[in-house]
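*Asks:* See coords-v6.cif below, with mmCIF, C-alpha atoms, pLDDT in the B column; chains and numbers go by the auth columns.
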```cif
data_coords
loop_
_atom_site.group_PDB
_atom_site.id
_atom_site.type_symbol
_atom_site.label_atom_id
_atom_site.label_comp_id
_atom_site.label_asym_id
_atom_site.label_seq_id
_atom_site.Cartn_x
_atom_site.Cartn_y
_atom_site.Cartn_z
_atom_site.B_iso_or_equiv
_atom_site.auth_seq_id
_atom_site.auth_asym_id
ATOM 1 C CA MET A 1 -56.962 -60.062 19.107 61.00 16 A
ATOM 2 C CA THR A 2 -57.591 -59.064 15.507 66.00 17 A
ATOM 3 C CA THR A 3 -59.193 -61.242 12.932 69.00 18 A
ATOM 4 C CA LEU A 4 -57.434 -61.131 9.606 66.00 19 A
ATOM 5 C CA THR A 5 -58.712 -62.645 6.411 70.00 20 A
ATOM 6 C CA ILE A 6 -55.950 -63.852 4.138 72.00 21 A
ATOM 7 C CA ARG A 7 -56.392 -65.328 0.715 75.00 22 A
ATOM 8 C CA LEU A 8 -53.681 -67.841 -0.083 74.00 23 A
ATOM 9 C CA SER A 9 -53.084 -69.373 -3.456 76.00 24 A
ATOM 10 C CA GLN A 10 -52.699 -73.119 -3.783 82.00 25 A
ATOM 11 C CA ILE A 11 -48.907 -72.901 -3.965 82.00 26 A
ATOM 12 C CA GLN A 12 -48.821 -70.692 -0.843 76.00 27 A
ATOM 13 C CA ILE A 13 -50.965 -73.237 0.997 74.00 28 A
ATOM 14 C CA GLU A 14 -48.597 -76.040 -0.043 77.00 29 A
ATOM 15 C CA VAL A 15 -45.556 -74.064 1.116 76.00 30 A
ATOM 16 C CA LEU A 16 -47.237 -73.254 4.440 71.00 31 A
ATOM 17 C CA ASP A 17 -48.188 -76.915 4.928 73.00 32 A
ATOM 18 C CA GLU A 18 -44.603 -77.912 4.109 74.00 33 A
ATOM 19 C CA ILE A 19 -43.155 -75.400 6.575 75.00 34 A
ATOM 20 C CA MET A 20 -45.458 -76.386 9.410 73.00 35 A
ATOM 21 C CA GLY A 21 -45.830 -80.044 8.483 70.00 36 A
ATOM 22 C CA GLY A 22 -43.378 -81.353 11.066 68.00 37 A
ATOM 23 C CA ARG A 23 -45.279 -79.983 14.051 69.00 38 A
ATOM 24 C CA ARG A 24 -47.808 -82.118 15.917 66.00 39 A
ATOM 25 C CA ASP A 25 -50.187 -79.317 16.821 65.00 40 A
ATOM 26 C CA TYR A 26 -50.517 -78.134 13.214 67.00 41 A
ATOM 27 C CA ARG A 27 -53.852 -78.756 11.570 67.00 42 A
ATOM 28 C CA PRO A 28 -54.026 -78.369 7.775 67.00 43 A
ATOM 29 C CA ASP A 29 -57.307 -76.418 7.854 71.00 44 A
ATOM 30 C CA ASP A 30 -58.089 -72.707 7.782 68.00 45 A
ATOM 31 C CA THR A 31 -57.802 -72.223 11.552 69.00 46 A
ATOM 32 C CA GLY A 32 -54.520 -74.147 11.789 71.00 47 A
ATOM 33 C CA ARG A 33 -53.126 -72.214 8.876 67.00 48 A
ATOM 34 C CA GLY A 34 -54.176 -68.934 10.511 71.00 49 A
ATOM 35 C CA TYR A 35 -52.357 -69.855 13.733 73.00 50 A
ATOM 36 C CA ALA A 36 -49.368 -70.978 11.684 74.00 51 A
ATOM 37 C CA ILE A 37 -49.167 -67.622 9.898 74.00 52 A
ATOM 38 C CA GLY A 38 -49.339 -65.859 13.292 75.00 53 A
ATOM 39 C CA GLU A 39 -46.468 -68.015 14.589 78.00 54 A
ATOM 40 C CA ILE A 40 -44.479 -67.350 11.425 78.00 55 A
ATOM 41 C CA LEU A 41 -45.009 -63.596 11.891 79.00 56 A
ATOM 42 C CA LEU A 42 -43.828 -63.788 15.516 78.00 57 A
ATOM 43 C CA LYS A 43 -40.833 -65.924 14.544 80.00 58 A
ATOM 44 C CA HIS A 44 -39.980 -63.471 11.781 80.00 59 A
ATOM 45 C CA HIS A 45 -40.205 -60.558 14.228 77.00 60 A
ATOM 46 C CA HIS A 46 -37.987 -62.440 16.692 81.00 61 A
ATOM 47 C CA LEU A 47 -35.469 -63.202 13.941 80.00 62 A
ATOM 48 C CA LEU A 48 -35.435 -59.546 12.924 77.00 63 A
ATOM 49 C CA GLY A 49 -34.591 -58.601 16.518 77.00 64 A
ATOM 50 C CA GLU A 50 -31.827 -61.198 16.603 77.00 65 A
ATOM 51 C CA ARG A 51 -30.634 -59.883 13.273 75.00 66 A
ATOM 52 C CA GLU A 52 -30.363 -56.373 14.710 79.00 67 A
ATOM 53 C CA ASP A 53 -28.469 -57.770 17.713 78.00 68 A
ATOM 54 C CA ARG A 54 -26.201 -59.696 15.390 78.00 69 A
ATOM 55 C CA LYS A 55 -25.751 -56.631 13.234 81.00 70 A
ATOM 56 C CA THR A 56 -24.702 -54.659 16.305 84.00 71 A
ATOM 57 C CA GLU A 57 -22.327 -57.468 17.314 83.00 72 A
ATOM 58 C CA ALA A 58 -20.994 -57.654 13.755 81.00 73 A
ATOM 59 C CA ASP A 59 -20.453 -53.892 13.697 84.00 74 A
ATOM 60 C CA ALA A 60 -18.609 -54.091 17.020 86.00 75 A
ATOM 61 C CA ALA A 61 -16.498 -57.002 15.752 87.00 76 A
ATOM 62 C CA GLN A 62 -15.785 -55.125 12.540 90.00 77 A
ATOM 63 C CA GLN A 63 -14.720 -52.051 14.527 91.00 78 A
ATOM 64 C CA ALA A 64 -12.463 -54.247 16.675 90.00 79 A
ATOM 65 C CA LEU A 65 -10.907 -55.647 13.491 92.00 80 A
ATOM 66 C CA ARG A 66 -10.407 -52.113 12.163 91.00 81 A
ATOM 67 C CA ASP A 67 -8.725 -51.131 15.434 93.00 82 A
ATOM 68 C CA GLN A 68 -6.456 -54.188 15.248 93.00 83 A
ATOM 69 C CA LEU A 69 -5.648 -53.387 11.628 92.00 84 A
ATOM 70 C CA GLU A 70 -4.764 -49.798 12.548 94.00 85 A
ATOM 71 C CA ALA A 71 -2.573 -51.059 15.406 94.00 86 A
ATOM 72 C CA LEU A 72 -0.862 -53.499 13.032 94.00 87 A
ATOM 73 C CA THR A 73 -0.388 -50.725 10.484 94.00 88 A
ATOM 74 C CA ARG A 74 1.162 -48.452 13.120 96.00 89 A
ATOM 75 C CA GLU A 75 3.403 -51.288 14.294 96.00 90 A
ATOM 76 C CA ARG A 76 4.391 -52.133 10.710 95.00 91 A
ATOM 77 C CA ASP A 77 5.181 -48.475 10.017 96.00 92 A
ATOM 78 C CA ALA A 78 7.270 -48.262 13.196 96.00 93 A
ATOM 79 C CA VAL A 79 9.182 -51.412 12.229 96.00 94 A
ATOM 80 C CA ARG A 80 9.649 -50.089 8.686 96.00 95 A
ATOM 81 C CA LYS A 81 10.933 -46.781 10.059 97.00 96 A
ATOM 82 C CA ALA A 82 13.342 -48.595 12.395 96.00 97 A
ATOM 83 C CA LEU A 83 14.560 -50.787 9.522 97.00 98 A
ATOM 84 C CA ASP A 84 15.058 -47.734 7.321 96.00 99 A
ATOM 85 C CA ALA A 85 17.050 -46.071 10.100 96.00 100 A
ATOM 86 C CA GLU A 86 19.143 -49.228 10.535 97.00 101 A
ATOM 87 C CA ARG A 87 19.741 -49.428 6.781 96.00 102 A
ATOM 88 C CA ALA A 88 20.769 -45.768 6.705 96.00 103 A
ATOM 89 C CA THR A 89 23.159 -46.346 9.616 96.00 104 A
ATOM 90 C CA ARG A 90 24.671 -49.358 7.875 96.00 105 A
ATOM 91 C CA ARG A 91 24.974 -47.418 4.624 96.00 106 A
ATOM 92 C CA ARG A 92 26.765 -44.574 6.428 96.00 107 A
ATOM 93 C CA ASP A 93 29.026 -47.121 8.129 96.00 108 A
ATOM 94 C CA ARG A 94 29.826 -48.741 4.762 96.00 109 A
ATOM 95 C CA GLU A 95 30.547 -45.349 3.208 96.00 110 A
ATOM 96 C CA ARG A 96 32.763 -44.342 6.134 96.00 111 A
ATOM 97 C CA HIS A 97 34.557 -47.699 5.951 97.00 112 A
ATOM 98 C CA ALA A 98 35.063 -47.227 2.196 96.00 113 A
ATOM 99 C CA ARG A 99 36.515 -43.742 2.813 96.00 114 A
ATOM 100 C CA VAL A 100 38.870 -45.141 5.461 96.00 115 A
ATOM 101 C CA ARG A 101 39.946 -47.936 3.080 96.00 116 A
ATOM 102 C CA LYS A 102 40.551 -45.372 0.325 96.00 117 A
ATOM 103 C CA HIS A 103 42.626 -43.187 2.661 95.00 118 A
ATOM 104 C CA LEU A 104 44.631 -46.230 3.734 95.00 119 A
ATOM 105 C CA ARG A 105 45.148 -47.269 0.113 96.00 120 A
ATOM 106 C CA ASP A 106 46.222 -43.722 -0.782 95.00 121 A
ATOM 107 C CA ALA A 107 48.593 -43.639 2.211 95.00 122 A
ATOM 108 C CA ARG A 108 50.109 -46.994 1.199 95.00 123 A
ATOM 109 C CA ASN A 109 50.554 -45.752 -2.359 94.00 124 A
ATOM 110 C CA ALA A 110 52.170 -42.534 -1.096 94.00 125 A
ATOM 111 C CA LEU A 111 54.502 -44.551 1.133 94.00 126 A
ATOM 112 C CA GLN A 112 55.392 -46.786 -1.795 93.00 127 A
ATOM 113 C CA ARG A 113 56.059 -43.768 -4.033 91.00 128 A
ATOM 114 C CA LEU A 114 58.143 -42.205 -1.265 91.00 129 A
ATOM 115 C CA ALA A 115 60.128 -45.419 -0.831 90.00 130 A
ATOM 116 C CA GLU A 116 60.655 -45.640 -4.601 88.00 131 A
ATOM 117 C CA SER A 117 61.669 -41.977 -4.731 86.00 132 A
ATOM 118 C CA ARG A 118 63.995 -42.453 -1.782 87.00 133 A
ATOM 119 C CA ALA A 119 65.561 -45.497 -3.454 86.00 134 A
ATOM 120 C CA THR A 120 65.909 -43.537 -6.699 84.00 135 A
ATOM 121 C CA TYR A 121 67.584 -40.609 -4.934 84.00 136 A
ATOM 122 C CA ARG A 122 69.807 -42.941 -2.929 85.00 137 A
ATOM 123 C CA ASP A 123 70.845 -44.661 -6.178 84.00 138 A
ATOM 124 C CA LEU A 124 71.405 -41.264 -7.768 80.00 139 A
ATOM 125 C CA ALA A 125 73.493 -40.097 -4.803 80.00 140 A
ATOM 126 C CA LEU A 126 75.595 -43.248 -4.933 82.00 141 A
ATOM 127 C CA ARG A 127 76.151 -42.820 -8.681 78.00 142 A
ATOM 128 C CA VAL A 128 77.051 -39.157 -8.218 75.00 143 A
ATOM 129 C CA GLU A 129 79.459 -40.058 -5.463 77.00 144 A
ATOM 130 C CA ALA A 130 81.047 -42.765 -7.647 77.00 145 A
ATOM 131 C CA ALA A 131 81.224 -40.385 -10.618 72.00 146 A
ATOM 132 C CA LEU A 132 82.811 -37.683 -8.481 71.00 147 A
ATOM 133 C CA GLU A 133 85.375 -40.124 -7.222 74.00 148 A
ATOM 134 C CA ARG A 134 86.282 -41.090 -10.820 72.00 149 A
ATOM 135 C CA THR A 135 86.866 -37.504 -11.949 67.00 150 A
ATOM 136 C CA GLN A 136 89.981 -35.677 -10.926 66.00 151 A
ATOM 137 C CA PRO A 137 89.364 -33.039 -8.303 63.00 152 A
ATOM 138 C CA ARG A 138 90.724 -29.554 -8.888 61.00 153 A
ATOM 139 C CA LYS A 139 92.095 -27.247 -6.316 61.00 154 A
ATOM 140 C CA ASP A 140 89.377 -24.700 -6.834 58.00 155 A
ATOM 141 C CA LEU A 141 85.776 -25.719 -6.253 59.00 156 A
ATOM 142 C CA GLY A 142 84.482 -23.364 -8.884 59.00 157 A
ATOM 143 C CA ASP A 143 83.891 -26.079 -11.429 67.00 158 A
ATOM 144 C CA LEU A 144 81.946 -28.409 -9.081 68.00 159 A
ATOM 145 C CA GLU A 145 78.748 -27.976 -11.081 70.00 160 A
ATOM 146 C CA GLY A 146 80.525 -28.821 -14.337 72.00 161 A
ATOM 147 C CA ARG A 147 82.264 -31.782 -12.751 70.00 162 A
ATOM 148 C CA LEU A 148 78.944 -33.040 -11.390 71.00 163 A
ATOM 149 C CA ALA A 149 77.274 -32.619 -14.785 73.00 164 A
ATOM 150 C CA ARG A 150 80.067 -34.536 -16.554 73.00 165 A
ATOM 151 C CA ALA A 151 79.967 -37.312 -13.938 71.00 166 A
ATOM 152 C CA LEU A 152 76.181 -37.673 -14.225 73.00 167 A
ATOM 153 C CA HIS A 153 76.379 -37.599 -18.022 75.00 168 A
ATOM 154 C CA ALA A 154 79.011 -40.314 -17.922 74.00 169 A
ATOM 155 C CA ALA A 155 76.759 -42.356 -15.601 70.00 170 A
ATOM 156 C CA GLY A 156 73.826 -42.063 -18.022 72.00 171 A
ATOM 157 C CA PHE A 157 71.837 -39.300 -16.300 70.00 172 A
ATOM 158 C CA THR A 158 70.898 -36.059 -17.893 64.00 173 A
ATOM 159 C CA MET A 159 70.322 -33.068 -15.704 57.00 174 A
ATOM 160 C CA ARG A 160 67.667 -30.607 -16.538 62.00 175 A
ATOM 161 C CA ASP A 161 68.645 -27.008 -16.595 63.00 176 A
ATOM 162 C CA ALA A 162 68.079 -25.353 -13.269 54.00 177 A
ATOM 163 C CA PRO A 163 65.264 -22.840 -13.270 58.00 178 A
ATOM 164 C CA ASP A 164 66.303 -19.206 -13.258 61.00 179 A
ATOM 165 C CA ARG A 165 65.980 -17.582 -9.902 52.00 180 A
#
```
For this file, write the structure as structure tokens.
*Replies:*
Amino acid sequence: MTTLTIRLSQIQIEVLDEIMGGRRDYRPDDTGRGYAIGEILLKHHHLLGEREDRKTEADAAQQALRDQLEALTRERDAVRKALDAERATRRRDRERHARVRKHLRDARNALQRLAESRATYRDLALRVEAALERTQPRKDLGDLEGRLARALHAAGFTMRDAPDR
């Protein structure tokens, strides 16, 4: 055992008495205060050891939290990647559907134009036939083109000149 001489100021004595005041074995004299300081030193040393243990536990807990955070980040990234892939698939499906709708619309329009053209040509053929029936036929068929032109002109149609071959 080592004897240690400590000089305490009045305020330090009051604080020490206040700290140790609740204990029955504490005596507010020099010897009691000496024992009290020894106990405080031991308690402080014990608390430092607990603090190191707690620090180790806190570091381990913090590492576990970091690991969980990394796992959550990986999971979030995987979900984000899957969602992006799903969005891309849906976008491609929408684009393909739009192309199919456009092709169908174009096909309907072409069919409508064809039906209109067919009706126009049918009407034209009927008018030509009626015009030909109204004009007097000749024995020679040499003037068929002229007859047809006159019949169409009489029916209100104008024929464009045929392109030179």
*Asks:* Care to translate the PyMOL selection byres ((chain A and resi 144-150) around 8) into actual residues of this file, as a PyMOL selection string?
*Replies:* chain A and resi 140-143+151-152+162-163+166-167+169-170
*Asks:* Selected by the PyMOL selection byres ((chain A and resi 28) around 12) in the shown coordinates: which residues, as a PDB file with C-alpha atoms, in the coordinates of the input?
*Replies:*
```pdb
ATOM      1  CA  ILE A  21     -55.950 -63.852   4.138  1.00 72.00           C
ATOM      2  CA  ARG A  22     -56.392 -65.328   0.715  1.00 75.00           C
ATOM      3  CA  LEU A  23     -53.681 -67.841  -0.083  1.00 74.00           C
ATOM      4  CA  SER A  24     -53.084 -69.373  -3.456  1.00 76.00           C
ATOM      5  CA  GLN A  25     -52.699 -73.119  -3.783  1.00 82.00           C
ATOM      6  CA  ILE A  26     -48.907 -72.901  -3.965  1.00 82.00           C
ATOM      7  CA  GLN A  27     -48.821 -70.692  -0.843  1.00 76.00           C
ATOM      8  CA  GLU A  29     -48.597 -76.040  -0.043  1.00 77.00           C
ATOM      9  CA  VAL A  30     -45.556 -74.064   1.116  1.00 76.00           C
ATOM     10  CA  LEU A  31     -47.237 -73.254   4.440  1.00 71.00           C
ATOM     11  CA  ASP A  32     -48.188 -76.915   4.928  1.00 73.00           C
ATOM     12  CA  GLU A  33     -44.603 -77.912   4.109  1.00 74.00           C
ATOM     13  CA  ILE A  34     -43.155 -75.400   6.575  1.00 75.00           C
ATOM     14  CA  MET A  35     -45.458 -76.386   9.410  1.00 73.00           C
ATOM     15  CA  GLY A  36     -45.830 -80.044   8.483  1.00 70.00           C
ATOM     16  CA  PRO A  43     -54.026 -78.369   7.775  1.00 67.00           C
ATOM     17  CA  ASP A  44     -57.307 -76.418   7.854  1.00 71.00           C
ATOM     18  CA  ASP A  45     -58.089 -72.707   7.782  1.00 68.00           C
ATOM     19  CA  GLY A  47     -54.520 -74.147  11.789  1.00 71.00           C
ATOM     20  CA  ARG A  48     -53.126 -72.214   8.876  1.00 67.00           C
ATOM     21  CA  GLY A  49     -54.176 -68.934  10.511  1.00 71.00           C
ATOM     22  CA  ALA A  51     -49.368 -70.978  11.684  1.00 74.00           C
ATOM     23  CA  ILE A  52     -49.167 -67.622   9.898  1.00 74.00           C
TER      24      ILE A  52
END
```
*Asks:* Could you tell me how far atom CA of A:Ala97 lies from atom CA of A:His112, in Å and to one decimal?
*Replies:*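 Answer for the atom CA of A:Ala97 to atom CA of A:His112 separation: 22.2 Å.
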*Asks:* What does the distance from atom CA of A:Ala134 to atom CA of A:Arg165 come to in Å, to one decimal?
*Replies:*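 According to the coordinates, atom CA of A:Ala134 and atom CA of A:Arg165 are separated by 22.4 Å.
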*Asks:* Please compute the atom CA of A:Leu87-atom CA of A:Asp74 distance, one decimal, in Å.
*Replies:*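 Atom-to-atom, atom CA of A:Leu87 and atom CA of A:Asp74 are spaced 19.6 Å apart.
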